[in-house]
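Heads up, query_27.txt below (compact mmCIF, C-alpha atoms):
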```
# COMPACT_ATOMS: atom_id res chain seq x y z
CA MET A 296 -9.79 82.98 -46.57
CA SER A 297 -13.15 81.31 -47.17
CA TYR A 298 -13.01 78.82 -44.32
CA LYS A 299 -15.85 78.92 -41.79
CA PHE A 300 -14.90 77.90 -38.30
CA GLN A 301 -17.47 75.60 -36.73
CA PHE A 302 -16.89 74.86 -33.11
CA ARG A 303 -20.48 73.74 -32.44
CA ASP A 304 -20.02 70.22 -33.81
CA VAL A 305 -16.94 69.80 -31.70
CA LEU A 306 -18.43 71.16 -28.51
CA ALA A 307 -21.45 68.87 -28.98
CA GLN A 308 -19.11 65.95 -28.31
CA GLN A 309 -18.59 67.00 -24.70
CA ASP A 310 -19.05 63.44 -23.37
CA ALA A 311 -16.03 62.19 -25.28
CA ILE A 312 -14.03 65.25 -24.21
CA PHE A 313 -15.02 64.74 -20.58
CA ASP A 314 -14.04 61.04 -20.58
CA GLY A 315 -10.70 61.89 -22.16
CA LEU A 316 -10.09 64.66 -19.64
CA LEU A 317 -10.79 62.23 -16.81
CA MET A 318 -8.29 59.70 -18.19
CA THR A 319 -5.64 62.41 -18.59
CA LEU A 320 -6.19 63.50 -14.99
CA GLN A 321 -6.00 59.93 -13.70
CA LEU A 322 -2.84 59.18 -15.68
CA THR A 323 -1.26 62.41 -14.48
CA ALA A 324 -2.12 61.79 -10.83
CA GLY A 325 -0.94 58.17 -11.00
CA THR A 326 2.27 59.06 -12.80
CA ILE A 327 3.16 61.89 -10.43
CA SER A 328 2.56 59.84 -7.26
CA LEU A 329 4.43 56.74 -8.49
CA GLY A 330 7.13 58.75 -10.24
CA PHE A 331 7.77 60.78 -7.10
CA VAL A 332 8.30 57.63 -5.01
CA ILE A 333 10.64 56.10 -7.61
CA GLY A 334 12.48 59.38 -8.04
CA LEU A 335 12.99 59.76 -4.31
CA LEU A 336 14.36 56.22 -3.98
CA VAL A 337 16.65 56.55 -6.98
CA ALA A 338 17.89 59.96 -5.83
CA SER A 339 18.78 58.50 -2.41
CA VAL A 340 20.68 55.73 -4.18
CA LEU A 341 22.47 58.27 -6.41
CA VAL A 342 23.70 60.25 -3.42
CA TYR A 343 24.04 57.86 -0.49
CA ALA A 344 24.37 54.26 -1.75
CA LYS A 345 27.35 52.00 -2.52
CA PRO A 346 29.22 52.68 -5.79
CA TRP A 347 27.75 49.70 -7.72
CA ALA A 348 24.21 50.76 -6.83
CA LYS A 349 25.04 54.34 -7.76
CA THR A 350 26.24 53.19 -11.17
CA MET A 351 23.03 51.25 -11.79
CA ALA A 352 20.89 54.21 -10.80
CA ARG A 353 22.99 56.49 -13.03
CA VAL A 354 22.50 54.15 -16.02
CA TYR A 355 18.71 54.16 -15.45
CA VAL A 356 18.59 57.96 -15.26
CA GLU A 357 20.81 58.54 -18.30
CA VAL A 358 19.12 55.94 -20.53
CA ILE A 359 15.67 57.35 -19.81
CA ARG A 360 16.67 61.00 -20.07
CA ASN A 361 18.46 60.53 -23.39
CA THR A 362 15.75 58.64 -25.29
CA PRO A 363 12.30 59.87 -26.38
CA LEU A 364 9.25 59.06 -24.26
CA ILE A 365 7.31 57.86 -27.29
CA VAL A 366 10.01 55.28 -28.09
CA GLN A 367 9.98 54.10 -24.47
CA LEU A 368 6.21 53.77 -24.72
CA PHE A 369 6.39 51.82 -28.00
CA LEU A 370 9.07 49.56 -26.54
CA ILE A 371 6.85 48.72 -23.57
CA PHE A 372 3.55 48.42 -25.42
CA PHE A 373 4.62 46.89 -28.75
CA GLY A 374 7.95 45.36 -27.74
CA LEU A 375 7.26 43.56 -24.47
CA PRO A 376 4.51 41.26 -25.87
CA SER A 377 7.15 39.61 -28.07
CA LEU A 378 8.94 38.69 -24.83
CA GLY A 379 5.66 37.23 -23.56
CA LEU A 380 4.51 40.18 -21.45
CA LYS A 381 1.29 41.63 -22.81
CA LEU A 382 -0.04 44.78 -21.17
CA ASP A 383 -3.27 46.69 -21.76
CA VAL A 384 -2.93 50.25 -23.03
CA VAL A 385 -3.55 51.99 -19.71
CA THR A 386 -1.08 49.82 -17.76
CA ALA A 387 1.55 50.18 -20.47
CA SER A 388 1.01 53.96 -20.50
CA LEU A 389 1.23 54.24 -16.73
CA ILE A 390 4.44 52.16 -16.63
CA ALA A 391 6.11 54.13 -19.44
CA LEU A 392 5.17 57.51 -17.95
CA THR A 393 6.19 56.50 -14.43
CA VAL A 394 9.54 55.08 -15.49
CA ASN A 395 10.15 58.29 -17.44
CA LEU A 396 9.13 60.69 -14.71
CA GLY A 397 11.03 58.66 -12.10
CA ALA A 398 14.31 59.39 -13.89
CA TYR A 399 13.63 63.12 -14.19
CA THR A 400 12.47 63.35 -10.57
CA ALA A 401 15.57 61.46 -9.42
CA GLU A 402 17.88 63.92 -11.15
CA ILE A 403 16.04 66.93 -9.70
CA VAL A 404 15.86 65.54 -6.14
CA ARG A 405 19.52 64.49 -6.34
CA ALA A 406 20.41 68.13 -6.94
CA GLY A 407 18.28 68.97 -3.92
CA PHE A 408 20.07 66.45 -1.70
CA GLU A 409 23.43 67.80 -2.84
CA SER A 410 22.34 71.35 -2.03
CA ILE A 411 22.23 70.44 1.67
CA ALA A 412 25.57 71.31 3.27
CA LYS A 413 27.30 68.55 5.21
CA SER A 414 27.61 70.87 8.21
CA GLN A 415 23.79 70.95 8.38
CA ILE A 416 23.67 67.18 8.83
CA GLU A 417 26.44 67.33 11.45
CA ALA A 418 24.55 70.07 13.27
CA GLY A 419 21.45 67.88 13.25
CA ILE A 420 23.37 64.94 14.73
CA SER A 421 25.02 67.09 17.39
CA LEU A 422 21.55 68.30 18.43
CA GLY A 423 20.77 64.67 19.26
CA LEU A 424 18.40 63.93 16.38
CA SER A 425 18.19 60.28 15.29
CA GLY A 426 19.23 59.18 11.77
CA PRO A 427 15.67 59.13 10.36
CA GLN A 428 14.93 62.47 12.04
CA VAL A 429 18.01 64.04 10.46
CA PHE A 430 17.04 62.62 7.07
CA ARG A 431 13.50 63.93 7.34
CA HIS A 432 13.95 67.36 8.90
CA VAL A 433 17.46 68.35 7.82
CA VAL A 434 17.82 66.69 4.41
CA LEU A 435 14.52 65.71 2.81
CA ILE A 436 12.22 68.63 3.56
CA PRO A 437 14.75 71.44 2.92
CA ALA A 438 15.95 69.62 -0.23
CA LEU A 439 12.40 69.34 -1.58
CA LYS A 440 11.83 72.98 -0.73
CA ASN A 441 14.92 73.98 -2.74
CA VAL A 442 13.93 72.02 -5.84
CA TYR A 443 10.16 72.59 -5.57
CA PRO A 444 10.00 74.98 -8.58
CA SER A 445 11.87 72.66 -10.96
CA LEU A 446 10.04 69.61 -9.66
CA THR A 447 6.60 71.11 -10.17
CA SER A 448 7.35 72.49 -13.64
CA GLN A 449 8.55 69.00 -14.54
CA TYR A 450 5.16 67.71 -13.36
CA VAL A 451 3.28 70.19 -15.52
CA LEU A 452 5.40 69.19 -18.53
CA MET A 453 4.64 65.55 -17.65
CA MET A 454 0.89 66.25 -17.65
CA LEU A 455 1.27 67.66 -21.17
CA ALA A 456 3.47 64.73 -22.19
CA THR A 457 0.76 62.22 -21.19
CA SER A 458 -0.78 63.18 -24.56
CA VAL A 459 1.63 60.77 -26.30
CA VAL A 460 -0.32 57.81 -24.90
CA SER A 461 -2.95 58.66 -27.53
CA GLN A 462 -0.48 57.12 -30.01
CA ILE A 463 -1.09 53.67 -28.54
CA SER A 464 -4.85 54.45 -28.40
CA ALA A 465 -5.14 55.01 -24.66
CA ALA A 466 -8.39 57.00 -24.33
CA ASP A 467 -6.96 60.27 -22.98
CA LEU A 468 -7.92 63.85 -23.83
CA PHE A 469 -5.79 63.94 -26.96
CA HIS A 470 -7.20 60.64 -28.16
CA ALA A 471 -10.71 62.03 -27.61
CA GLY A 472 -9.60 64.79 -29.97
CA SER A 473 -8.74 62.35 -32.73
CA ILE A 474 -12.02 60.47 -32.25
CA ILE A 475 -14.02 63.69 -32.56
CA GLN A 476 -11.93 64.64 -35.57
CA SER A 477 -12.90 61.42 -37.31
CA ARG A 478 -16.59 62.02 -36.44
CA THR A 479 -16.81 65.68 -37.42
CA PHE A 480 -13.86 66.28 -39.80
CA ARG A 481 -13.30 69.60 -37.99
CA ASP A 482 -9.62 68.92 -37.38
CA PHE A 483 -8.45 72.47 -36.68
CA GLU A 484 -11.34 73.27 -34.34
CA VAL A 485 -10.95 69.98 -32.46
CA TYR A 486 -7.29 70.49 -31.72
CA THR A 487 -7.84 74.12 -30.76
CA VAL A 488 -10.40 73.05 -28.15
CA VAL A 489 -8.14 70.24 -26.92
CA ALA A 490 -5.17 72.63 -26.72
CA ALA A 491 -7.24 75.16 -24.75
CA LEU A 492 -8.20 72.46 -22.25
CA TYR A 493 -4.57 71.43 -21.79
CA LEU A 494 -3.63 75.08 -21.29
CA ALA A 495 -6.35 75.48 -18.65
CA LEU A 496 -5.17 72.30 -16.96
CA SER A 497 -1.55 73.47 -16.88
CA LEU A 498 -2.54 76.86 -15.44
CA LEU A 499 -4.64 75.10 -12.77
CA MET A 500 -1.72 72.83 -11.91
CA ARG A 501 0.69 75.76 -11.61
CA GLY A 502 -1.78 77.58 -9.36
CA GLY A 503 -2.37 74.46 -7.28
CA PHE A 504 1.35 73.85 -6.84
CA SER A 505 2.00 77.37 -5.61
CA VAL A 506 -0.80 77.00 -3.05
CA CYS A 507 0.73 73.66 -2.00
CA TYR A 508 4.11 75.33 -1.56
CA ARG A 509 2.67 77.67 1.04
CA LEU A 510 0.90 74.81 2.84
CA LEU A 511 3.84 72.38 2.78
CA PHE A 512 6.81 74.55 3.60
CA ARG A 513 5.29 77.07 5.98
CA ARG A 514 7.56 77.74 8.93
CA PRO A 515 5.79 76.95 12.19
CA MET B 28 4.27 40.30 -46.18
CA MET B 29 6.76 39.69 -43.45
CA ARG B 30 10.52 39.50 -43.65
CA GLU B 31 13.43 39.09 -41.30
CA LEU B 32 15.13 42.04 -39.66
CA SER B 33 18.40 42.49 -41.53
CA GLY B 34 21.47 44.64 -41.63
CA LEU B 35 19.77 46.65 -44.34
CA ASP B 36 17.05 47.71 -41.88
CA LEU B 37 19.72 48.87 -39.49
CA ALA B 38 21.30 50.88 -42.29
CA TYR B 39 17.93 52.49 -43.12
CA LEU B 40 17.37 53.36 -39.47
CA ILE B 41 20.80 54.96 -39.22
CA LEU B 42 20.12 56.88 -42.44
CA ALA B 43 16.77 58.06 -41.03
CA MET B 44 18.71 59.78 -38.26
CA ARG B 45 19.66 62.47 -40.75
CA TRP B 46 16.04 63.66 -40.90
CA THR B 47 15.94 63.79 -37.11
CA VAL B 48 19.10 65.89 -37.13
CA LEU B 49 17.87 68.07 -39.99
CA LEU B 50 14.53 68.76 -38.29
CA THR B 51 16.41 69.63 -35.09
CA LEU B 52 18.61 72.08 -36.99
CA LEU B 53 15.65 73.69 -38.78
CA ALA B 54 13.85 74.04 -35.45
CA LEU B 55 16.97 75.58 -33.94
CA VAL B 56 17.22 78.18 -36.70
CA GLY B 57 13.54 79.13 -36.39
CA GLY B 58 13.54 78.75 -32.63
CA SER B 59 16.63 80.93 -32.12
CA THR B 60 15.08 83.72 -34.16
CA ILE B 61 11.87 83.64 -32.12
CA GLY B 62 13.84 82.99 -28.93
CA LEU B 63 16.00 86.10 -29.39
CA LEU B 64 12.89 88.25 -29.80
CA VAL B 65 11.23 86.64 -26.79
CA ALA B 66 14.36 87.07 -24.66
CA ALA B 67 14.80 90.70 -25.71
CA ALA B 68 11.14 91.47 -25.01
CA GLY B 69 11.20 89.52 -21.75
CA ALA B 70 14.25 91.37 -20.43
CA SER B 71 13.22 94.79 -21.74
CA ARG B 72 12.33 97.81 -19.62
CA GLN B 73 8.88 98.13 -21.23
CA ALA B 74 6.26 96.35 -19.13
CA PRO B 75 3.88 95.56 -22.06
CA LEU B 76 6.72 93.84 -23.94
CA ARG B 77 7.58 91.80 -20.87
CA HIS B 78 3.94 90.73 -20.46
CA LEU B 79 3.76 89.80 -24.12
CA ALA B 80 6.89 87.63 -23.84
CA ARG B 81 5.58 85.97 -20.70
CA ALA B 82 2.21 85.27 -22.32
CA TYR B 83 3.90 83.70 -25.36
CA VAL B 84 6.06 81.46 -23.20
CA GLY B 85 3.12 80.51 -20.95
CA VAL B 86 0.82 79.59 -23.82
CA VAL B 87 3.43 77.61 -25.78
CA GLN B 88 4.67 75.76 -22.70
CA GLY B 89 1.11 75.10 -21.49
CA ILE B 90 0.00 73.13 -24.54
CA PRO B 91 1.37 69.72 -25.57
CA LEU B 92 3.81 69.75 -28.49
CA LEU B 93 1.61 67.11 -30.12
CA ALA B 94 -1.27 69.60 -30.15
CA TRP B 95 0.93 72.34 -31.66
CA LEU B 96 1.97 70.01 -34.47
CA PHE B 97 -1.66 69.16 -35.29
CA ILE B 98 -2.75 72.79 -35.03
CA PHE B 99 -0.09 73.92 -37.50
CA TYR B 100 -0.56 70.90 -39.73
CA PHE B 101 -4.31 71.44 -40.08
CA GLY B 102 -4.29 75.20 -39.48
CA LEU B 103 -1.91 75.98 -42.33
CA ALA B 104 -4.06 73.84 -44.60
CA ILE B 105 -7.11 75.93 -43.70
CA LEU B 106 -5.23 79.11 -44.57
CA GLY B 107 -4.96 77.63 -48.04
CA TYR B 108 -1.38 76.45 -47.91
CA ASN B 109 -1.23 72.80 -48.82
CA LEU B 110 2.12 72.18 -47.26
CA PRO B 111 4.17 69.01 -46.90
CA PRO B 112 4.54 67.67 -43.33
CA TRP B 113 8.11 68.93 -42.97
CA VAL B 114 7.02 72.57 -43.31
CA ALA B 115 4.29 72.18 -40.68
CA ALA B 116 6.80 70.36 -38.47
CA THR B 117 9.41 73.09 -38.89
CA VAL B 118 6.91 75.83 -38.04
CA GLY B 119 5.56 73.86 -35.05
CA TYR B 120 8.99 73.06 -33.64
CA SER B 121 10.24 76.63 -34.19
CA VAL B 122 7.35 78.05 -32.18
CA TYR B 123 7.96 75.46 -29.48
CA ALA B 124 11.76 75.93 -29.35
CA GLY B 125 11.31 79.73 -29.44
CA ALA B 126 9.47 79.69 -26.13
CA PHE B 127 11.99 77.48 -24.33
CA LEU B 128 15.09 79.18 -25.76
CA GLY B 129 13.54 82.61 -25.15
CA GLU B 130 12.97 81.76 -21.50
CA ILE B 131 16.50 80.36 -21.07
CA TRP B 132 18.09 83.39 -22.70
CA ARG B 133 15.90 85.87 -20.84
CA GLY B 134 17.03 84.23 -17.62
CA ALA B 135 20.66 84.59 -18.69
CA LEU B 136 20.24 88.29 -19.52
CA VAL B 137 18.47 89.01 -16.25
CA SER B 138 21.14 87.11 -14.27
CA ILE B 139 23.78 89.73 -15.13
CA PRO B 140 23.94 92.13 -12.16
CA LYS B 141 22.68 95.69 -12.67
CA THR B 142 26.11 97.03 -11.64
CA GLN B 143 27.53 95.65 -14.90
CA TRP B 144 25.12 97.85 -16.86
CA GLU B 145 26.02 100.82 -14.69
CA ALA B 146 29.75 100.18 -15.05
CA ALA B 147 29.37 99.99 -18.82
CA LEU B 148 27.38 103.23 -18.82
CA SER B 149 29.94 104.98 -16.65
CA ILE B 150 32.76 104.31 -19.11
CA GLY B 151 30.66 106.01 -21.78
CA LEU B 152 29.20 103.10 -23.75
CA ASN B 153 25.78 103.61 -25.34
CA TYR B 154 22.94 101.08 -24.89
CA ALA B 155 23.89 98.94 -27.91
CA GLU B 156 27.55 98.93 -26.89
CA GLN B 157 26.69 98.04 -23.29
CA LEU B 158 24.66 95.11 -24.53
CA LEU B 159 27.15 93.96 -27.15
CA HIS B 160 30.43 94.34 -25.28
CA VAL B 161 29.51 93.87 -21.63
CA ILE B 162 26.21 92.08 -21.07
CA ILE B 163 25.93 89.57 -23.91
CA PRO B 164 29.45 88.08 -23.54
CA GLN B 165 28.67 87.28 -19.91
CA ALA B 166 25.10 86.15 -20.58
CA VAL B 167 26.20 83.75 -23.32
CA ARG B 168 28.41 81.93 -20.87
CA VAL B 169 25.45 81.45 -18.51
CA ALA B 170 23.11 80.47 -21.33
CA ILE B 171 25.17 77.83 -23.15
CA PRO B 172 24.81 74.83 -20.79
CA PRO B 173 21.00 75.01 -20.53
CA THR B 174 20.78 75.69 -24.27
CA VAL B 175 22.70 72.50 -25.02
CA GLY B 176 20.44 70.73 -22.52
CA PHE B 177 17.41 72.00 -24.42
CA ILE B 178 18.83 70.78 -27.73
CA VAL B 179 18.76 67.29 -26.22
CA GLN B 180 15.06 67.78 -25.39
CA LEU B 181 14.48 69.01 -28.93
CA ILE B 182 16.18 66.00 -30.54
CA LYS B 183 14.03 63.65 -28.44
CA ASN B 184 10.87 65.61 -29.18
CA THR B 185 11.37 65.51 -32.95
CA SER B 186 10.14 61.92 -32.50
CA LEU B 187 6.61 63.36 -32.29
CA ALA B 188 6.82 64.61 -35.89
CA ALA B 189 6.21 60.98 -36.82
CA VAL B 190 2.50 61.47 -36.05
CA ILE B 191 1.99 64.03 -38.83
CA GLY B 192 3.79 61.75 -41.27
CA PHE B 193 7.29 63.23 -41.22
CA VAL B 194 9.61 60.27 -41.77
CA GLU B 195 12.42 60.58 -39.23
CA LEU B 196 13.98 57.99 -36.93
CA THR B 197 10.84 57.05 -34.96
CA ARG B 198 8.63 56.90 -38.08
CA GLU B 199 11.25 54.77 -39.83
CA GLY B 200 11.12 52.50 -36.77
CA GLN B 201 7.34 52.19 -37.13
CA LEU B 202 7.69 51.36 -40.83
CA THR B 203 10.40 48.78 -40.12
CA THR B 204 8.23 47.24 -37.40
CA ALA B 205 5.33 46.97 -39.82
CA ALA B 206 7.51 45.11 -42.32
CA THR B 207 9.41 42.81 -39.97
CA PHE B 208 7.05 42.55 -37.02
CA GLN B 209 9.92 42.65 -34.55
CA PRO B 210 8.96 45.67 -32.45
CA PHE B 211 11.20 44.90 -29.50
CA ALA B 212 14.41 44.68 -31.55
CA VAL B 213 13.49 47.63 -33.76
CA TYR B 214 12.52 50.05 -30.98
CA LEU B 215 15.57 48.99 -28.99
CA ILE B 216 17.72 49.97 -31.97
CA VAL B 217 15.79 53.24 -32.35
CA ALA B 218 16.26 54.04 -28.67
CA THR B 219 19.98 53.24 -28.91
CA LEU B 220 20.38 55.57 -31.88
CA TYR B 221 18.65 58.42 -30.02
CA PHE B 222 20.90 57.73 -27.05
CA CYS B 223 23.98 58.00 -29.30
CA LEU B 224 22.77 61.42 -30.49
CA CYS B 225 21.74 62.76 -27.10
CA TYR B 226 24.17 61.40 -24.56
CA PRO B 227 27.31 63.16 -25.86
CA LEU B 228 25.41 66.46 -25.79
CA THR B 229 24.19 65.78 -22.25
CA ARG B 230 27.76 65.11 -21.16
CA TYR B 231 28.97 68.23 -22.92
CA SER B 232 26.30 70.36 -21.26
CA ARG B 233 27.26 69.02 -17.83
CA GLN B 234 30.94 69.65 -18.52
CA LEU B 235 30.23 73.25 -19.50
CA GLU B 236 28.18 73.69 -16.35
CA GLY B 237 31.12 72.47 -14.25
CA ARG B 238 33.50 74.83 -16.01
CA LEU B 239 31.11 77.73 -15.42
CA ARG B 240 31.01 77.01 -11.71
CA VAL B 241 34.81 77.37 -11.54
CA ILE B 242 34.73 80.72 -13.32
CA ARG B 243 32.14 82.32 -11.07
```

How does this structure look as structure tokens?
Amino acid sequence: MSYKFQFRDVLAQQDAIFDGLLMTLQLTAGTISLGFVIGLLVASVLVYAKPWAKTMARVYVEVIRNTPLIVQLFLIFFGLPSLGLKLDVVTASLIALTVNLGAYTAEIVRAGFESIAKSQIEAGISLGLSGPQVFRHVVLIPALKNVYPSLTSQYVLMMLATSVVSQISAADLFHAGSIIQSRTFRDFEVYTVVAALYLALSLLMRGGFSVCYRLLFRRP
Amino acid sequence: MMRELSGLDLAYLILAMRWTVLLTLLALVGGSTIGLLVAAAGASRQAPLRHLARAYVGVVQGIPLLAWLFIFYFGLAILGYNLPPWVAATVGYSVYAGAFLGEIWRGALVSIPKTQWEAALSIGLNYAEQLLHVIIPQAVRVAIPPTVGFIVQLIKNTSLAAVIGFVELTREGQLTTAATFQPFAVYLIVATLYFCLCYPLTRYSRQLEGRLRVIR
């Protein structure tokens, strides 16, 4: 092998890398917060609502979970303008990622809701707790505690999946990689550096989530 | 040059599904091979092997699939192999599937209670026989529903091979869009075709899961 690895050219482009990293972090944070809210609402509908609403929620979850994220993104970014709705890349990315994560979150939280035994709810009522109190202390918090590991690994996978927005030229970390590649022609080195940053980010997220677990679900 | 979206385009899109299916199958062959090794190492009694398996899974699952595809696409070229996109895609997807399948199968092996091993030992089976006749038949039953679930993920993720120029369903959709300039209709068709591939498998996986719950 006569190839000489040259990381210096790539590392010299730290401004582009930093901007991309920032965009990836913002997209991830936005997607997780919005996706969590949507997922929670849809999961409540899946478990507690009237049959017609349940069916609609089920269709949303199944359609999203059985089609690729990149096709959903293309449909929103390239497809919607032909219906008269033109979105900029960041908005389109955020919508596609949120709609996607919402469906996965809904399915996970639904499993959490169903893991709560009916007798628990009855016990809560017989203790004199109000409806919202029962929902919060007996259903929601224990349910989230039960599904916390699957929920947070889904979020880490989502952070990694934000890289597909580079395919509609949203300026995230992966897109920064392709820009640097076109400036330096060091394709292998560029993507190794980008991959290492994603790996660091996913390790940080996993660490952060396990700290959060201790803070959120500590018994008083 | 622009033209109308026709039945012929639909036919081409449906035909392009075969490359999606083929790439999924290739990835499953490569991924199962790696996955078996990862599962065996991950469930072994040797601590270094377990650490190695965990490191492999952690690194593969901690980096976007898109990055793996580019790394293999450009990396193999550096090593002097000027390979067509489908080879890079197969290698990339095998590595990726190996980590996920390995983790699923390791979990299935570990889920079999220790008493089963001891029972097998006490009726005089050696290690290979214990594994083959007692542990694996039970572990397979646990592993099948999540494995089918992962195949759905794999089918959807083959869509990313489009970015290194592998012409499968999503890439064919991009090409059709470029020719007809009707992205909404085209990507709706593409999404529907993926749904037709994935949804039956999702249903099947859920059905198996239900059946498993009755058995246990």

Closest contacts (chain B/chain A, max 7 Å, only C-alpha atoms) as a Markdown table:
```
| residue | atom | partner | partner_atom | distance |
| --- | --- | --- | --- | --- |
| B:Val86 | CA | A:Leu494 | CA | 6.8 |
| B:Gly89 | CA | A:Leu494 | CA | 4.7 |
| B:Ile90 | CA | A:Leu494 | CA | 5.2 |
| B:Pro91 | CA | A:Leu455 | CA | 4.9 |
| B:Ala94 | CA | A:Ala490 | CA | 6.0 |
| B:Phe97 | CA | A:Tyr486 | CA | 6.8 |
| B:Ile98 | CA | A:Phe483 | CA | 5.9 |
| B:Phe101 | CA | A:Phe483 | CA | 5.5 |
| B:Gly102 | CA | A:Phe483 | CA | 5.7 |
| B:Ile105 | CA | A:Tyr298 | CA | 6.6 |
| B:Leu106 | CA | A:Met296 | CA | 6.3 |
| B:Lys183 | CA | A:Pro363 | CA | 4.6 |
| B:Asn184 | CA | A:Pro363 | CA | 6.5 |
| B:Ser186 | CA | A:Pro363 | CA | 6.8 |
| B:Pro210 | CA | A:Gly374 | CA | 4.8 |
| B:Phe211 | CA | A:Gly374 | CA | 3.7 |
| B:Tyr214 | CA | A:Leu370 | CA | 5.6 |
| B:Leu215 | CA | A:Leu370 | CA | 7.0 |
| B:Ala218 | CA | A:Thr362 | CA | 5.7 |
| B:Tyr221 | CA | A:Thr362 | CA | 5.6 |
| B:Phe222 | CA | A:Asn361 | CA | 5.2 |
| B:Cys225 | CA | A:Asn361 | CA | 5.4 |
| B:Tyr226 | CA | A:Asn361 | CA | 5.9 |
```

Restricted to C-alpha atoms, what would the selected residues look like written as a compact mmCIF listing (two decimals), in the frame of the given file?
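This is the output file result-v1.txt:
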```txt
# COMPACT_ATOMS: atom_id res chain seq x y z
CA VAL B 86 0.82 79.59 -23.82
CA GLY B 89 1.11 75.10 -21.49
CA ILE B 90 0.00 73.13 -24.54
CA PRO B 91 1.37 69.72 -25.57
CA ALA B 94 -1.27 69.60 -30.15
CA PHE B 97 -1.66 69.16 -35.29
CA ILE B 98 -2.75 72.79 -35.03
CA PHE B 101 -4.31 71.44 -40.08
CA GLY B 102 -4.29 75.20 -39.48
CA ILE B 105 -7.11 75.93 -43.70
CA LEU B 106 -5.23 79.11 -44.57
CA LYS B 183 14.03 63.65 -28.44
CA ASN B 184 10.87 65.61 -29.18
CA SER B 186 10.14 61.92 -32.50
CA PRO B 210 8.96 45.67 -32.45
CA PHE B 211 11.20 44.90 -29.50
CA TYR B 214 12.52 50.05 -30.98
CA LEU B 215 15.57 48.99 -28.99
CA ALA B 218 16.26 54.04 -28.67
CA TYR B 221 18.65 58.42 -30.02
CA PHE B 222 20.90 57.73 -27.05
CA CYS B 225 21.74 62.76 -27.10
CA TYR B 226 24.17 61.40 -24.56
```

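Put simply, CA of Lys345 in chain A is 15.2 Å away from CA of Arg405 in chain A.
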
Nearest to Val179 in chain B, chosen from B:Gly34, B:Gly200, B:Pro112, B:Pro227, with all atoms listed in the file counted in the distances: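 Smallest separation from Val179 in chain B among the options: B:Pro227.
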
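With distances restricted to all atoms listed in the file, A:Tyr450 is the closest residue to Ser328 in chain A from A:Gly419, A:Asn441, A:Gln301, A:Tyr450.
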
Two-atom distance - CA of Leu110 in chain B, CA of Leu42 in chain B (Å): 24.1 Å

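Among B:Arg45, B:Arg133, B:Arg233, B:Arg30, the residue with the shortest atom-to-atom distance to Ala80 in chain B, counting all atoms listed in the file, is B:Arg133.
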
Between CA of Ile131 in chain B and CA of Thr174 in chain B, distance in Å (one decimal): 7.1 Å

Distance query 10 Å from (12.2, 87.6, -25.9) using only C-alpha atoms, result as a list in words: Thr60, Ile61, Gly62, Leu63, Leu64, Val65, Ala66, Ala67, Ala68, Gly69, Ala70, Ser71, Leu76, Arg77, Leu79, Ala80, Arg81, Tyr83, Val84, Gly125, Ala126, Leu128, Gly129, Glu130, Ile131, Trp132 and Arg133 of chain B

Residue nearest Ser445 in chain A - candidates A:Gln308, A:Gln321, A:Thr400, A:Ser473, atoms counted: all atoms listed in the file: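 Closest residue, counting all atoms listed in the file: A:Thr400.
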
Closest of B:Val169, B:Leu92, B:Ile41, B:Ala206 to Glu236 in chain B - atom-to-atom distances counting all atoms listed in the file: B:Val169

Distance criterion (all atoms listed in the file): nearest to Ile162 in chain B out of B:Gly176, B:Gly192, B:Pro140, B:Gly134: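 Under the stated criterion, the closest residue is B:Pro140.
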
Selection near Lys349 in chain A, 12 Å with only C-alpha atoms, sequence-local residues under 2 positions removed, as a list of chain:residue names: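 Listed by chain and then number, they are A:Leu336, A:Val337, A:Ala338, A:Ser339, A:Val340, A:Leu341, A:Val342, A:Tyr343, A:Ala344, A:Lys345, A:Pro346, A:Trp347, A:Met351, A:Ala352, A:Arg353, A:Val354, A:Tyr355, A:Val356, A:Ala401, A:Arg405.
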
Neighbour list for Leu468 in chain A as JSON, numbers by chain, cut-off 6 Å, only C-alpha atoms, skip fewer than 4 positions in-chain: {"A": [315, 316, 319]}

Near-Leu389 in chain A list (8 Å; only C-alpha atoms; drop same-chain fewer than 6 positions) as a ChimeraX atom specification: /A:322,325-326
